[in-house]
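Below is the file input12.cif, which contains mmCIF, C-alpha atoms.
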data_run
#
loop_
_atom_site.label_atom_id
_atom_site.label_comp_id
_atom_site.auth_asym_id
_atom_site.auth_seq_id
_atom_site.Cartn_x
_atom_site.Cartn_y
_atom_site.Cartn_z
CA MET A 7 64.65 134.95 237.86
CA ALA A 8 65.75 137.79 235.65
CA ALA A 9 64.01 137.04 232.39
CA GLN A 10 60.95 135.01 231.58
CA THR A 11 61.52 131.88 229.62
CA PRO A 12 59.90 131.82 226.18
CA TYR A 13 57.53 129.17 227.55
CA GLU A 14 56.45 131.55 230.28
CA VAL A 15 56.05 134.38 227.80
CA LEU A 16 53.71 132.29 225.69
CA GLY A 17 52.07 130.76 228.78
CA VAL A 18 52.72 127.16 227.74
CA LYS A 19 54.35 124.23 229.50
CA PRO A 20 57.97 123.35 228.63
CA GLY A 21 56.69 120.15 227.02
CA ALA A 22 54.15 121.91 224.81
CA THR A 23 53.53 120.58 221.32
CA PRO A 24 54.26 122.79 218.30
CA ASP A 25 50.52 123.12 217.80
CA GLU A 26 49.95 124.39 221.35
CA ILE A 27 52.76 126.87 220.88
CA ARG A 28 51.33 128.12 217.60
CA LYS A 29 47.88 128.60 219.13
CA ALA A 30 49.26 130.39 222.18
CA TYR A 31 51.32 132.68 219.96
CA ARG A 32 48.42 133.61 217.70
CA LYS A 33 46.21 134.40 220.63
CA LEU A 34 48.78 136.64 222.32
CA ALA A 35 49.87 138.26 219.07
CA LYS A 36 46.32 139.32 218.33
CA GLU A 37 45.87 140.60 221.85
CA PHE A 38 49.00 142.76 221.92
CA HIS A 39 49.44 143.67 218.28
CA PRO A 40 50.55 147.36 218.08
CA ASP A 41 48.00 148.15 215.38
CA LEU A 42 45.26 147.02 217.73
CA ASN A 43 46.79 148.83 220.69
CA PRO A 44 47.91 152.23 219.41
CA GLY A 45 49.72 154.37 221.99
CA LYS A 46 50.19 151.54 224.48
CA PRO A 47 53.93 150.95 224.90
CA ALA A 48 53.37 148.13 227.39
CA ALA A 49 51.39 146.22 224.82
CA GLU A 50 54.06 146.82 222.21
CA ALA A 51 56.71 145.46 224.57
CA ARG A 52 54.62 142.38 225.28
CA PHE A 53 54.11 141.87 221.57
CA LYS A 54 57.86 141.99 220.95
CA ALA A 55 58.48 139.51 223.76
CA VAL A 56 55.82 137.20 222.40
CA ALA A 57 57.28 137.40 218.90
CA ALA A 58 60.77 136.67 220.21
CA ALA A 59 59.51 133.71 222.24
CA ASN A 60 57.69 132.37 219.24
CA ASN A 61 60.73 132.87 217.11
CA ILE A 62 62.60 130.41 219.31
CA LEU A 63 59.87 127.92 220.10
CA SER A 64 58.37 127.68 216.62
CA ASP A 65 61.67 126.57 215.18
CA PRO A 66 62.42 123.01 216.35
CA ASP A 67 66.16 123.58 215.96
CA LYS A 68 66.23 126.82 217.96
CA ARG A 69 63.89 125.35 220.54
CA ALA A 70 66.26 122.41 221.05
CA ARG A 71 69.21 124.75 221.40
CA TYR A 72 67.34 126.84 223.93
CA ASP A 73 66.45 123.71 225.88
CA ARG A 74 70.12 122.69 225.96
CA GLY A 75 71.04 126.14 227.22
CA GLU A 76 73.01 127.11 224.15
CA ILE A 77 71.00 130.25 223.44
CA ASP A 78 69.14 132.58 225.78
CA GLU A 79 65.58 133.98 225.66
CA SER A 80 66.52 136.53 223.02
CA GLY A 81 68.04 133.89 220.81
CA ALA A 82 71.58 135.13 221.48
CA GLU A 83 74.38 132.67 222.03
CA ARG A 84 75.02 132.14 225.68
CA PRO A 85 78.60 132.90 226.58
CA ARG A 86 80.35 129.58 226.49
CA TYR A 87 80.70 128.33 229.99
CA SER A 88 84.26 127.75 231.16
CA TYR A 89 85.65 125.99 234.18
CA ARG A 90 88.91 127.89 233.99
CA PRO A 91 87.98 131.08 235.85
CA HIS A 92 86.70 128.92 238.67
CA ALA A 93 89.71 126.63 238.73
CA GLU A 94 91.96 129.66 238.80
CA GLY A 95 89.78 131.60 241.18
CA ALA A 96 89.94 131.83 244.93
CA GLN A 97 88.22 128.49 245.40
CA GLY A 98 90.26 126.62 242.82
CA TRP A 99 93.01 125.54 245.19
CA LYS A 100 90.86 122.82 246.67
CA TYR A 101 91.07 120.76 243.50
CA GLN A 102 94.84 120.82 243.32
CA PRO A 103 96.41 117.37 243.11
CA GLN A 104 97.06 115.52 246.36
CA GLY A 105 95.12 118.17 248.22
CA ASP A 106 98.23 120.34 248.25
CA ILE A 107 97.67 123.71 249.74
CA ASP A 108 99.37 126.51 247.84
CA ILE A 109 102.22 127.17 250.21
CA GLY A 110 105.44 125.51 249.24
CA ASP A 111 104.53 124.51 245.71
CA LEU A 112 106.91 127.08 244.40
CA ASP A 113 109.71 125.27 246.17
CA ASP A 114 109.32 122.59 243.53
CA LEU A 115 109.84 125.18 240.86
CA PHE A 116 112.92 126.56 242.52
CA ALA A 117 114.23 123.06 243.04
CA MET A 118 114.33 122.85 239.24
CA PHE A 119 117.00 125.51 239.36
CA GLY A 120 118.94 123.25 241.68
CA ARG A 121 119.09 126.02 244.28
CA GLY A 122 116.12 125.58 246.55
CA ALA A 123 113.83 128.45 247.31
CA ARG A 124 115.64 131.41 248.67
CA GLY A 125 115.16 135.13 248.66
CA ALA A 126 111.60 135.11 247.38
CA GLY A 127 110.53 132.25 249.59
CA GLY A 128 110.37 133.47 253.15
CA GLY A 129 110.11 137.21 252.91
CA GLY A 130 107.68 137.21 250.03
CA PRO A 131 107.78 139.59 247.13
CA ALA A 132 107.78 142.56 249.49
CA GLY A 133 111.19 141.52 250.85
CA GLU A 134 114.44 142.90 249.59
CA GLY A 135 115.61 142.37 246.00
CA PHE A 136 115.53 138.81 244.88
CA SER A 137 118.86 137.58 243.69
CA MET A 138 120.02 134.23 242.57
CA PRO A 139 123.07 132.73 240.90
CA GLY A 140 122.88 131.93 237.22
CA ALA A 141 122.39 128.41 235.97
CA ASN A 142 125.35 126.17 235.27
CA ARG A 143 125.82 125.26 231.65
CA GLN A 144 127.18 121.98 230.43
CA TYR A 145 129.41 121.44 227.45
CA THR A 146 131.55 118.69 226.04
CA LEU A 147 134.92 119.28 224.46
CA THR A 148 136.95 116.76 222.49
CA ILE A 149 140.70 117.28 222.44
CA ASP A 150 143.47 115.36 220.80
CA PHE A 151 145.90 113.07 222.56
CA ALA A 152 148.86 115.42 222.56
CA LEU A 153 146.90 118.31 224.09
CA ALA A 154 145.61 116.02 226.81
CA ALA A 155 149.17 114.94 227.55
CA THR A 156 150.91 118.28 227.48
CA GLY A 157 148.06 120.61 228.40
CA GLY A 158 147.34 123.86 226.62
CA ARG A 159 144.40 125.88 225.44
CA GLN A 160 141.53 124.97 223.23
CA ARG A 161 138.65 127.04 221.98
CA LEU A 162 135.13 125.86 222.82
CA ALA A 163 132.14 127.08 220.83
CA LEU A 164 129.44 127.98 223.36
CA ALA A 165 126.89 129.29 220.91
CA PRO A 166 127.12 130.74 217.42
CA GLY A 167 129.59 133.59 217.69
CA GLU A 168 130.39 132.90 221.32
CA TRP A 169 133.67 131.29 222.28
CA LEU A 170 135.51 130.29 225.36
CA ASP A 171 139.23 129.55 225.56
CA VAL A 172 139.57 126.57 227.83
CA THR A 173 142.85 125.88 229.58
CA ILE A 174 143.52 122.17 229.59
CA PRO A 175 145.76 121.00 232.42
CA PRO A 176 148.47 118.51 231.40
CA GLY A 177 147.50 114.89 231.92
CA ILE A 178 143.75 115.48 231.89
CA GLU A 179 141.84 112.21 231.99
CA GLN A 180 139.09 111.00 229.68
CA GLY A 181 135.70 112.21 230.97
CA GLN A 182 137.15 114.71 233.43
CA VAL A 183 134.96 117.77 234.00
CA LEU A 184 136.47 121.23 234.08
CA ARG A 185 134.53 123.88 235.96
CA LEU A 186 134.95 127.42 234.73
CA LYS A 187 133.58 129.70 237.38
CA GLY A 188 131.27 132.43 236.19
CA LYS A 189 131.14 131.22 232.59
CA GLY A 190 127.61 129.82 232.87
CA GLY A 191 124.27 131.62 232.71
CA PRO A 192 124.01 135.18 234.05
CA GLY A 193 122.90 135.68 237.64
CA PHE A 194 119.67 137.41 238.61
CA GLY A 195 119.46 140.55 240.67
CA GLY A 196 123.19 140.87 241.20
CA GLY A 197 123.66 137.17 241.86
CA PRO A 198 126.85 135.63 240.48
CA ALA A 199 126.87 133.99 237.08
CA GLY A 200 126.70 130.18 236.99
CA ASP A 201 129.60 127.98 235.99
CA ALA A 202 130.45 126.29 232.73
CA LEU A 203 130.95 122.57 233.25
CA ILE A 204 133.04 121.13 230.47
CA GLU A 205 133.32 117.40 230.09
CA VAL A 206 136.53 116.59 228.27
CA HIS A 207 136.85 113.71 225.86
CA ILE A 208 140.20 112.60 224.50
CA ALA A 209 140.20 111.42 220.92
CA PRO A 210 141.94 108.05 220.63
CA HIS A 211 145.37 108.23 219.05
CA PRO A 212 146.49 105.87 216.26
CA PHE A 213 149.57 104.74 218.16
CA PHE A 214 149.90 106.38 221.57
CA ARG A 215 148.20 104.94 224.65
CA ARG A 216 148.06 106.43 228.12
CA GLU A 217 148.79 104.41 231.23
CA GLY A 218 148.55 106.84 234.10
CA ASP A 219 151.30 109.33 233.50
CA ASP A 220 153.21 106.99 231.22
CA ILE A 221 152.74 106.77 227.49
CA GLN A 222 152.98 103.50 225.63
CA VAL A 223 153.85 103.23 221.98
CA GLU A 224 154.67 100.27 219.75
CA LEU A 225 157.54 101.11 217.40
CA PRO A 226 158.07 99.15 214.19
CA VAL A 227 161.77 98.48 213.43
CA SER A 228 163.43 96.69 210.57
CA LEU A 229 165.21 93.38 210.93
CA ALA A 230 168.53 95.10 210.33
CA GLU A 231 167.79 97.81 212.94
CA ALA A 232 166.92 95.12 215.47
CA VAL A 233 169.91 92.94 214.78
CA LEU A 234 172.52 95.57 214.19
CA GLY A 235 171.22 98.38 216.37
CA ALA A 236 170.35 101.87 215.16
CA ARG A 237 169.46 105.40 216.09
CA VAL A 238 165.88 106.09 215.11
CA SER A 239 163.39 108.87 215.46
CA VAL A 240 160.51 108.16 217.83
CA PRO A 241 157.35 110.28 218.10
CA THR A 242 156.46 111.56 221.57
CA ALA A 243 153.63 113.75 222.75
CA THR A 244 155.97 116.73 222.60
CA GLY A 245 157.49 115.90 219.22
CA PRO A 246 159.97 113.39 217.79
CA VAL A 247 163.12 112.43 219.72
CA THR A 248 166.05 110.27 218.72
CA MET A 249 166.43 106.97 220.48
CA THR A 250 169.13 104.32 220.28
CA ILE A 251 168.02 100.79 219.57
CA PRO A 252 170.65 98.48 220.98
CA ALA A 253 172.06 95.82 218.67
CA GLY A 254 170.37 92.45 219.19
CA SER A 255 166.93 93.85 220.04
CA ASP A 256 163.85 91.84 219.27
CA THR A 257 160.08 92.16 218.96
CA GLY A 258 158.78 92.92 222.43
CA THR A 259 161.93 94.66 223.61
CA ARG A 260 160.78 97.55 225.78
CA LEU A 261 162.81 100.72 225.96
CA ARG A 262 162.19 103.70 228.18
CA LEU A 263 162.35 107.35 227.25
CA ARG A 264 162.70 108.93 230.62
CA GLY A 265 160.67 112.04 231.23
CA LYS A 266 158.75 111.81 227.96
CA GLY A 267 155.48 110.94 229.66
CA ILE A 268 153.10 113.37 231.26
CA HIS A 269 154.55 116.19 233.19
CA ARG A 270 152.42 117.73 235.92
CA LYS A 271 152.52 119.57 239.18
CA ARG A 272 151.05 117.61 242.04
CA ARG A 273 150.76 119.45 245.32
CA GLY A 274 153.64 121.67 244.37
CA ALA A 275 155.99 118.86 243.35
CA ASP A 276 156.62 118.18 239.70
CA THR A 277 156.10 114.63 238.56
CA THR A 278 156.91 113.27 235.18
CA GLY A 279 155.94 110.02 233.52
CA ASP A 280 157.97 108.15 230.95
CA GLN A 281 157.32 106.96 227.47
CA TYR A 282 157.73 103.23 226.93
CA VAL A 283 158.61 102.08 223.46
CA THR A 284 157.92 98.47 222.61
CA LEU A 285 159.74 97.26 219.51
CA LYS A 286 158.03 95.32 216.80
CA VAL A 287 160.38 93.82 214.24
CA MET A 288 159.05 94.10 210.72
CA ILE A 289 160.99 91.84 208.38
CA GLY A 290 159.54 93.55 205.39
CA ALA A 291 161.62 91.52 202.92
CA SER A 292 160.09 88.06 203.05
CA GLY A 293 160.20 87.78 199.27
CA ASP A 294 163.85 88.70 199.12
CA PRO A 295 165.78 85.76 197.53
CA ALA A 296 169.14 86.89 198.92
CA LEU A 297 167.80 86.90 202.48
CA ALA A 298 166.12 83.55 201.95
CA GLU A 299 169.34 82.09 200.58
CA PHE A 300 171.31 83.44 203.51
CA LEU A 301 168.84 82.14 206.06
CA LYS A 302 168.91 78.65 204.58
CA GLY A 303 172.61 78.36 205.23
CA TRP A 304 172.39 80.24 208.51
CA ALA A 305 169.53 78.25 210.01
CA GLU A 306 171.35 74.93 209.49
CA HIS A 307 174.00 75.99 211.98
CA HIS A 308 171.70 77.85 214.34
CA PRO A 309 168.91 75.56 215.49
CA ALA A 310 166.49 77.57 217.59
CA ASP A 311 163.04 76.90 219.01
CA PRO A 312 161.24 80.17 219.89
CA ARG A 313 158.14 78.20 220.93
CA ARG A 314 159.83 76.07 223.56
CA ALA A 315 158.06 77.93 226.33
CA MET A 316 154.67 77.03 224.84
CA GLY A 317 155.07 73.32 225.63
CA PRO A 318 155.48 70.11 223.60
CA GLU A 319 152.55 70.69 221.17
CA ALA A 320 154.24 73.65 219.63
CA SER A 321 157.75 72.54 220.30
CA PRO A 322 159.18 69.96 217.85
CA GLY A 323 160.59 72.40 215.41
CA THR A 324 159.36 73.46 212.06
CA GLY A 325 160.87 70.62 210.03
CA ASP A 326 159.31 69.71 206.73
CA ASN A 327 155.99 68.25 207.83
CA ALA A 328 153.07 70.20 206.51
CA ASP A 329 150.81 69.80 209.49
CA ALA A 330 148.69 72.79 210.24
CA PRO A 331 149.83 74.01 213.67
CA GLY A 332 153.50 73.70 212.99
CA LYS A 333 153.19 75.33 209.62
CA GLN A 334 151.26 78.28 210.91
CA HIS A 335 153.87 78.97 213.52
CA GLY A 336 156.62 78.45 211.01
CA LYS A 337 155.14 81.07 208.73
CA GLN A 338 154.88 83.69 211.43
CA PRO A 339 157.21 86.54 210.41
CA MET B 25 76.68 128.53 247.87
CA ILE B 26 73.72 126.30 247.13
CA GLY B 27 72.33 123.07 248.54
CA ARG B 28 71.64 119.80 246.89
CA ASP B 29 68.04 120.57 245.90
CA GLU B 30 68.94 123.75 244.09
CA LEU B 31 71.74 121.86 242.38
CA THR B 32 69.52 119.11 241.03
CA ARG B 33 67.13 121.81 239.83
CA ARG B 34 69.94 123.38 237.84
CA PHE B 35 71.19 120.17 236.33
CA ALA B 36 68.29 118.10 235.11
CA GLU B 37 70.59 115.43 233.71
CA LEU B 38 72.32 114.85 237.05
CA ASP B 39 70.73 112.31 239.34
CA GLY B 40 71.31 112.03 243.07
CA ALA B 41 73.07 108.67 243.07
CA GLU B 42 75.44 109.90 240.42
CA LEU B 43 76.25 113.04 242.35
CA ALA B 44 76.91 110.94 245.45
CA ARG B 45 79.33 108.79 243.46
CA TRP B 46 81.17 111.82 242.14
CA ILE B 47 81.56 113.09 245.65
CA ALA B 48 82.74 109.67 246.84
CA ASN B 49 85.27 109.71 243.96
CA ARG B 50 86.40 113.10 245.20
CA TRP B 51 85.66 114.64 241.82
CA ILE B 52 83.52 117.16 243.64
CA LEU B 53 84.41 118.41 247.09
CA PRO B 54 81.38 120.22 248.57
CA GLU B 55 81.27 121.41 252.12
CA ASP B 56 79.44 119.00 254.37
CA HIS B 57 77.31 120.73 256.94
CA GLY B 58 75.59 117.56 258.12
CA GLY B 59 76.24 115.92 261.46
CA GLY B 60 78.15 113.20 259.64
CA GLU B 61 77.09 110.61 262.19
CA GLY B 62 74.26 109.01 260.29
CA GLY B 63 76.57 107.82 257.53
CA PRO B 64 75.50 108.04 253.88
CA GLY B 65 72.37 110.04 253.38
CA ASP B 66 72.99 112.23 256.38
CA GLU B 67 75.18 114.67 254.51
CA GLU B 68 74.11 118.22 254.03
CA TRP B 69 76.19 119.37 251.13
CA ARG B 70 76.87 122.97 250.21
CA PHE B 71 78.21 123.64 246.74
CA HIS B 72 80.41 126.62 245.93
CA GLU B 73 80.55 128.22 242.50
CA VAL B 74 83.70 126.24 241.71
CA ASP B 75 81.94 122.99 242.58
CA ILE B 76 79.01 123.91 240.38
CA ALA B 77 81.30 124.84 237.51
CA ARG B 78 83.10 121.54 237.97
CA ILE B 79 79.85 119.59 237.85
CA GLU B 80 79.04 121.36 234.62
CA LEU B 81 82.51 120.46 233.36
CA ILE B 82 82.08 116.78 234.19
CA LEU B 83 78.66 116.69 232.57
CA GLU B 84 80.15 118.32 229.51
CA ILE B 85 83.10 115.93 229.32
CA ARG B 86 80.79 112.96 229.51
CA ARG B 87 78.31 114.36 227.03
CA ASP B 88 80.78 115.63 224.48
CA PHE B 89 83.31 112.83 224.61
CA ALA B 90 81.04 109.99 225.67
CA VAL B 91 83.59 108.66 228.13
CA ASP B 92 83.29 106.42 231.16
CA ASP B 93 84.10 107.17 234.79
CA GLU B 94 87.72 106.03 234.55
CA THR B 95 88.39 108.40 231.70
CA VAL B 96 86.64 111.24 233.50
CA SER B 97 88.94 110.55 236.46
CA LEU B 98 91.96 110.70 234.19
CA VAL B 99 90.84 113.89 232.49
CA LEU B 100 90.08 115.58 235.80
CA GLY B 101 93.43 114.49 237.23
CA LEU B 102 95.27 116.00 234.29
CA LEU B 103 93.20 119.17 234.33
CA ASP B 104 93.85 119.62 238.02
CA GLN B 105 97.56 119.29 237.40
CA VAL B 106 97.44 121.84 234.62
CA TYR B 107 95.56 124.33 236.77
CA SER B 108 97.92 123.70 239.64
CA LEU B 109 100.88 124.41 237.37
CA ARG B 110 99.22 127.53 235.99
CA ARG B 111 98.64 128.67 239.53
CA GLN B 112 102.31 128.18 240.34
CA MET B 113 103.36 129.94 237.17
CA ARG B 114 101.17 132.90 238.08
CA ARG B 115 102.72 133.07 241.53
CA LEU B 116 106.15 132.97 239.98
CA SER B 117 105.23 135.67 237.46
CA ALA B 118 103.84 137.78 240.26
CA ALA B 119 107.09 137.40 242.17
CA ILE B 120 109.07 138.35 239.07
CA GLU B 121 106.89 141.39 238.46
CA CYS B 122 107.78 142.66 241.92
CA GLN B 123 111.46 142.72 240.99
CA PRO B 124 113.41 145.74 239.81
CA PRO B 125 113.38 146.16 236.01
CA GLU B 126 116.98 145.02 235.57
CA VAL B 127 116.23 141.74 237.32
CA GLN B 128 113.19 141.25 235.13
CA ASP B 129 115.34 141.91 232.08
CA ALA B 130 117.97 139.45 233.24
CA ILE B 131 115.32 136.76 233.64
CA ARG B 132 113.88 137.52 230.24
CA GLN B 133 117.37 137.27 228.74
CA ALA B 134 118.02 133.98 230.46
CA LEU B 135 114.83 132.36 229.19
CA PRO B 136 115.65 130.10 226.28
CA LYS B 137 113.76 131.00 223.16
CA ALA B 138 111.11 128.58 221.99
CA GLY B 139 112.72 125.68 220.20
CA GLU B 140 116.14 126.39 221.67
CA ARG B 141 117.82 123.44 223.33
CA TRP B 142 118.86 123.86 226.92
#
Whole structure, structure tokens version:
Amino acid sequence: MAAQTPYEVLGVKPGATPDEIRKAYRKLAKEFHPDLNPGKPAAEARFKAVAAANNILSDPDKRARYDRGEIDESGAERPRYSYRPHAEGAQGWKYQPQGDIDIGDLDDLFAMFGRGARGAGGGGPAGEGFSMPGANRQYTLTIDFALAATGGRQRLALAPGEWLDVTIPPGIEQGQVLRLKGKGGPGFGGGPAGDALIEVHIAPHPFFRREGDDIQVELPVSLAEAVLGARVSVPTATGPVTMTIPAGSDTGTRLRLRGKGIHRKRRGADTTGDQYVTLKVMIGASGDPALAEFLKGWAEHHPADPRRAMGPEASPGTGDNADAPGKQHGKQP
Amino acid sequence: MIGRDELTRRFAELDGAELARWIANRWILPEDHGGGEGGPGDEEWRFHEVDIARIELILEIRRDFAVDDETVSLVLGLLDQVYSLRRQMRRLSAAIECQPPEVQDAIRQALPKAGERW
């Protein structure tokens, strides 16, 4: 044992009462007091030790702290004990979870890069330069309907002040992921850069809908255009075109604009979809007295039942009876 | 390395039955130099510095936080994971330090800053 405990210095038991300690101190202090022992360094040293021991043991608070190991014989704070140096020391491995031995743990870390351990794994740090491809980076890009249909370029903000011009192939589908090689994170040690993975979202369009390589659109036409026929302008993904509406068209009439769908190269061959235009007759003049007057005379000579196909419930004409189902149908424009 | 007697001398607040339970719980993993044939009581444990430090740690956890065995188990389990991770991080850092400066720079560049989403 390096140093005597204060109890040993005073020659008392660890359980000594304050009174016993006081008596022991007085006795030793008298015996070794420097004034009574001039020129005796050993006595002076003993006296100092006795005084220091008394200093701790005579104070109940200090004595308790000494007993708990918080301060040492000189009254100085003991360095706070720490488990860390032991846990991280040579012996620490034995308390690793699941009894894992060190080897191979780093594989888990490399697995986080999605690459598996390589380079540094087998040969160790002494091996040749460690190199590794950069990480892939993921982005999402929302494009409008026309760009998705025709293809083109759109700028993607990677980070503040960092841009990437993304080439969108014609006919790209919702959720499709474009991989731009080498546009991801930088590689390490001469390894190639990672890729940028761009998930493309297509903003819904107010009137166009995609069906494969075909485009569907519902086109409102006036009663006169439907009955008499007309040439009208129709929007397509590549801009408006003129289309002829044949006389005698109706709501639901479906017309095809050949080649106005999505144009793409598939295995060298060009394929092109069509745009389908479904007419929707908008009367748009239901309060017009002239039209109403005309239809009164006209309808008398042209009995028609557009609901015949729906069966007898809907069938017996509009007539005058104000019953709900018939009336609702009758009011349909 | 010390034996059981020296250990109980060092830790007055640790009694033998308790120590045996800690060892059974695998909180403490001393070397067993006993024959191992006589079953419980026949062990001749040898405690390394790390074991001693760990005993001190467990005593401290219990004393300072007044927690029961289950909680001590939980705390030790988490601590062991943290130290295991720190060990792995140190190995990784050591591997990085062996790399040429430009590789080290590239890694530093690639590390997201604190608070940066990635």
Exercise. In Å, rounded to a single decimal, give me how far atom CA of Ser97 of chain B is from atom CA of Arg50 of chain B.
Key: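 Going from atom CA of Arg50 of chain B over to atom CA of Ser97 of chain B covers 9.5 Å.
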Quiz item: Any idea what's packed within 12 Å of Met25 of chain B, counting only C-alpha atoms, ignoring anything in its chain fewer than 4 positions away? Could you give it as a list in words?
Solution: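 Non-adjacent residues within range: Gln97 of chain A; Asp29, Glu30, Leu31, Pro54, Glu55, Asp56, His57, Trp69, Arg70, Phe71, His72, Glu73, Val74, Asp75, Ile76 and Ala77 of chain B.
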Self-check item: Nearest candidate to chain B (options A:Ala96, A:Ala58, A:Ala48, A:Met316; using all atoms listed in the file)
Solution: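 Closest candidate: A:Ala96.
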Quiz item: Using all atoms listed in the file, which residues sit within 7 Å of segment 104-109 of chain B once same-chain residues fewer than 6 positions away are excluded, as a ChimeraX atom specification?
Solution: /A:93-94,101-103
Hey, can you spit out that residue selection with C-alpha atoms as a PDB file, keeping the file's coordinate frame?
ATOM      1  CA  ALA A  93      89.710 126.630 238.730  1.00  0.00           C
ATOM      2  CA  GLU A  94      91.960 129.660 238.800  1.00  0.00           C
ATOM      3  CA  TYR A 101      91.070 120.760 243.500  1.00  0.00           C
ATOM      4  CA  GLN A 102      94.840 120.820 243.320  1.00  0.00           C
ATOM      5  CA  PRO A 103      96.410 117.370 243.110  1.00  0.00           C
TER       6      PRO A 103
END
Practice problem: Residues of chain A no more than 6 Å from chain B, counting all atoms listed in the file: send them over as an MDAnalysis selection string. | Solution: chainID A and resid 89 92 102 131 194:195
Quiz item: When distances are computed from all atoms listed in the file, which of A:Glu205, A:Asp311, A:Asp294, A:Asp219 shows the smallest separation from Ile174 of chain A?
Solution: A:Glu205
Quiz item: When you draw a straight line from atom CA of Leu234 of chain A to atom CA of Arg314 of chain A, how long is it in Å?
Solution: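 Between atom CA of Leu234 of chain A and atom CA of Arg314 of chain A the gap works out to 25.1 Å.
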Quiz item: What is the distance, in Å and to one decimal place, between atom CA of Ala155 of chain A and atom CA of Gly177 of chain A?
Solution: 4.7 Å
Quiz item: Near Pro40 of chain A, within 12 Å and counting all atoms listed in the file, which residues show up once chain neighbours fewer than 2 positions away are dropped, as a ChimeraX atom specification?
Solution: /A:34-38,42-54
Non-local contacts of segment 239-243 of chain A (8 Å; only C-alpha atoms; under 6 positions in same chain excluded) as a JSON list (two decimals) with C-alpha atoms, in the coordinates of the input:
[["chain", "number", "residue", "atom", "x", "y", "z"],
["A", 151, "PHE", "CA", 145.90, 113.07, 222.56],
["A", 152, "ALA", "CA", 148.86, 115.42, 222.56],
["A", 155, "ALA", "CA", 149.17, 114.94, 227.55],
["A", 156, "THR", "CA", 150.91, 118.28, 227.48],
["A", 225, "LEU", "CA", 157.54, 101.11, 217.40],
["A", 249, "MET", "CA", 166.43, 106.97, 220.48],
["A", 266, "LYS", "CA", 158.75, 111.81, 227.96],
["A", 267, "GLY", "CA", 155.48, 110.94, 229.66],
["A", 281, "GLN", "CA", 157.32, 106.96, 227.47]]
Quiz item: Applied to the shown file, which residues does the PyMOL selection byres ((chain A and resi 264) around 9) return, written as an NGL selection string?
Solution: :A and (262-263 or 265-267 or 278-282)
Practice problem: Could you tell me which of A:Leu63, A:Thr11, A:Lys29, A:Leu16 comes closest to Glu79 of chain A if we count only C-alpha atoms? | Solution: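 Of A:Leu63, A:Thr11, A:Lys29, A:Leu16, the one nearest Glu79 of chain A is A:Thr11, counting only C-alpha atoms.
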Practice problem: Could you tell me which residues the PyMOL selection byres ((chain A and resi 255) around 8) grabs in this file, written as a list in words? | Solution: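 Checking the PyMOL selection byres ((chain A and resi 255) around 8) against this file, the residues are Ala232, Val233, Gly235, Ile251, Pro252, Ala253, Gly254, Asp256, Thr257, Thr259 and Leu285 of chain A.
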Exercise. Convert the output of the PyMOL selection byres ((chain A and resi 23) around 12) on the shown file into explicit residues, formatted as number ranges by chain.
Key: A: 13, 18-22, 24-30, 63-66, 69
